[in-house]
Structures are given as C-alpha cells and as structure tokens.
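Q: Dropping the structure in here first, questions after.
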Amino acid sequence: EGALYYQGPRSAVAHVDGSGTIPSKIKLGDTGVREDDRVVITRDRYDAVVERIDGFNKIYDGYHYVGLVNRLREGCEKFAERTAVIFRDRRITYRELWRFTDTVATIIQSYGDVEKVAIRVPISEWYPILTMAVEKAGAAYVPLDITMPMERMEQILEDSQPELVISSDELKPLDGNYRTLCIEDIDLSAYAEPKSRDIDPEDMFVILYTSGSTGRPKGVVVPHRVVDLSTDWFVRNAETDQDSVWAYYVSIGYAPHYDSMFAPLLSGAKLVII
C-alpha cells in the first residue's frame, strides 16, 4: 500500500498505487526491493526521499524577489573600487563595470523598441558587460556560442528574431539582414545613462537553445525570477565573498552560465575570465 515507484532516471518521483517499470540499468542498491520489472521502495526509503525533496525546496527559505539588475547595482555601489572583472591584462572595477553597462544599455535603447538582443562575441570581458547592459536596457539576450556551426546559429537567429545582434569584427559576417552592433565600435568612455525600465519577474531574461541534436534547436525562455532565485541561492550557499576569486571559462551559450558569471559579482568577488 502506498509504495513508491521510480518510472525512469529523469522523471519525477510519485507516490502511486499502480505498478511502475524501471530500466534494468538503474541501480538502487539495497534501498529497494525488485519485483519482476518493478522496483518497490520501502516506506523508510520513501520517507528519506521525501525529506530530501523537502530539503531541495528549502532554497526558497528567506528568499524574496529583488531583481538581478537591482542586486548588481547594490554590489557595484558597495564594492565600487574593488576589481570586478579580469581578462588577460585588463582589470575593471565595479564602478567601471556599472558605468560601462550603462553606456552600452543606452546604445541598445537607441535602436528603438528592442526586446531581444543576440550576443555573438568571443569570450572576454564583454560577456558580463553585454549581458548586464541588455538587462538594463529592458531586453532579453540570446547567447550565441561562436564555435557552433553557422547553420545552427542561423537557425537560432531565424527562430528568435532578435531586433539587434551584438557581434565582433573578428567573426565571419552573418547571412541575413540583421541590425548589427560591433563591440569595436562601442566607446565605453562616452558615458550615458539609460532610461529606467520596469522589469516584471516573469519577463524574459535569456533565451537558451538546445543543441538541436534531434532536429532544429529549441528555445527555452528563462525569466528574471528564475535567474534572481538561482544567483541568490549561489551567493548564499557557495561561500563566496569579496575575497573570493572565480574562474569563468564557459560560453554564454552554456545553460548555467549566469550563475557562474553573476553570483561572484553579487558578492564583491573577482571574476577572472579565461
């Protein structure tokens, strides 16, 4: 009565009355009892699993939505003269980072009603600058890994339909009629303050695309609420502070990139881009 069954390695755990099947490759050690093609979990094991799931849910304890841009503003004000980003021989303080992102956000807003911005640049100090600037401008970004095949990149652009593509002169020009802003044409010293935008927790933060291994790449919209919660959890649980140094080495096309990029900047740490 009330046995717990695992339906598969990636499915949710459910408390069911009927039978369930499990692939033979899944091993539960001595925590379950195998009956034919089913694995029945004992009541003790069930209670342990439920307790663990409740533990996962505790990431919400003490959390309230603030918004990543607001959190970053607080960090940049608090740690203004500390080094925020290091890439090769370039160092950017938190004060400079905030001003640079203001400038780029203003440029993005000058293009009119922009909801989506594709970012296609080599890994560098431009990663945090551009992603923060897009959010300040009130838009969402579509990260493009410059190492992906051009065909896949074109499929993502066709599907997402960004109003602006931020790219680099170093890269091969894209096919198609896309409004493009090259980082080489951005003067970060020409400070300008962007217009303030109201951001709803459910607004798009980033659109991440699958690999397309089963066909065309599929986009997944990640809202501000998810990124705000995820980065807040990292700051509170990763034991990072202003004396920490984080190495960042992944493409912004990689799903959890925002945790690795923004969590250090929320805590006054140094983000070293490799």
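A note on labels: chains of the structure tokens are A, B, ... as shown, every chain counts residues from 1, and ligands are counted from 1 in their shown order.
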Residues at most 7 Å from Gly253 of chain A, counting only C-alpha atoms, excluding those fewer than 5 positions away in the same chain, as a PyMOL selection string?

A: chain A and resi 143-145+208

Q: Identify, on the basis of only C-alpha atoms, every residue whose closest approach to segment 146-157 of chain A does not exceed 7 Å; exclude the query and any residue fewer than 6 positions from it along the same chain; express the result as a list in words.

A: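 Counting only the stated atoms, we get Arg120, Val121, Pro122 and Pro217 of chain A.
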
Q: Give me, please, the distance in Å between atom CA of Trp246 of chain A and atom CA of Ile273 of chain A, quoted to one decimal.

A: 8.4 Å

Q: To test your reading of the structure, identify every residue in segment 205-274 of chain A that backbone DSSP assigns to helix (DSSP H, G or I), and report it as a PyMOL selection string.

A: chain A and resi 224-237+257-266
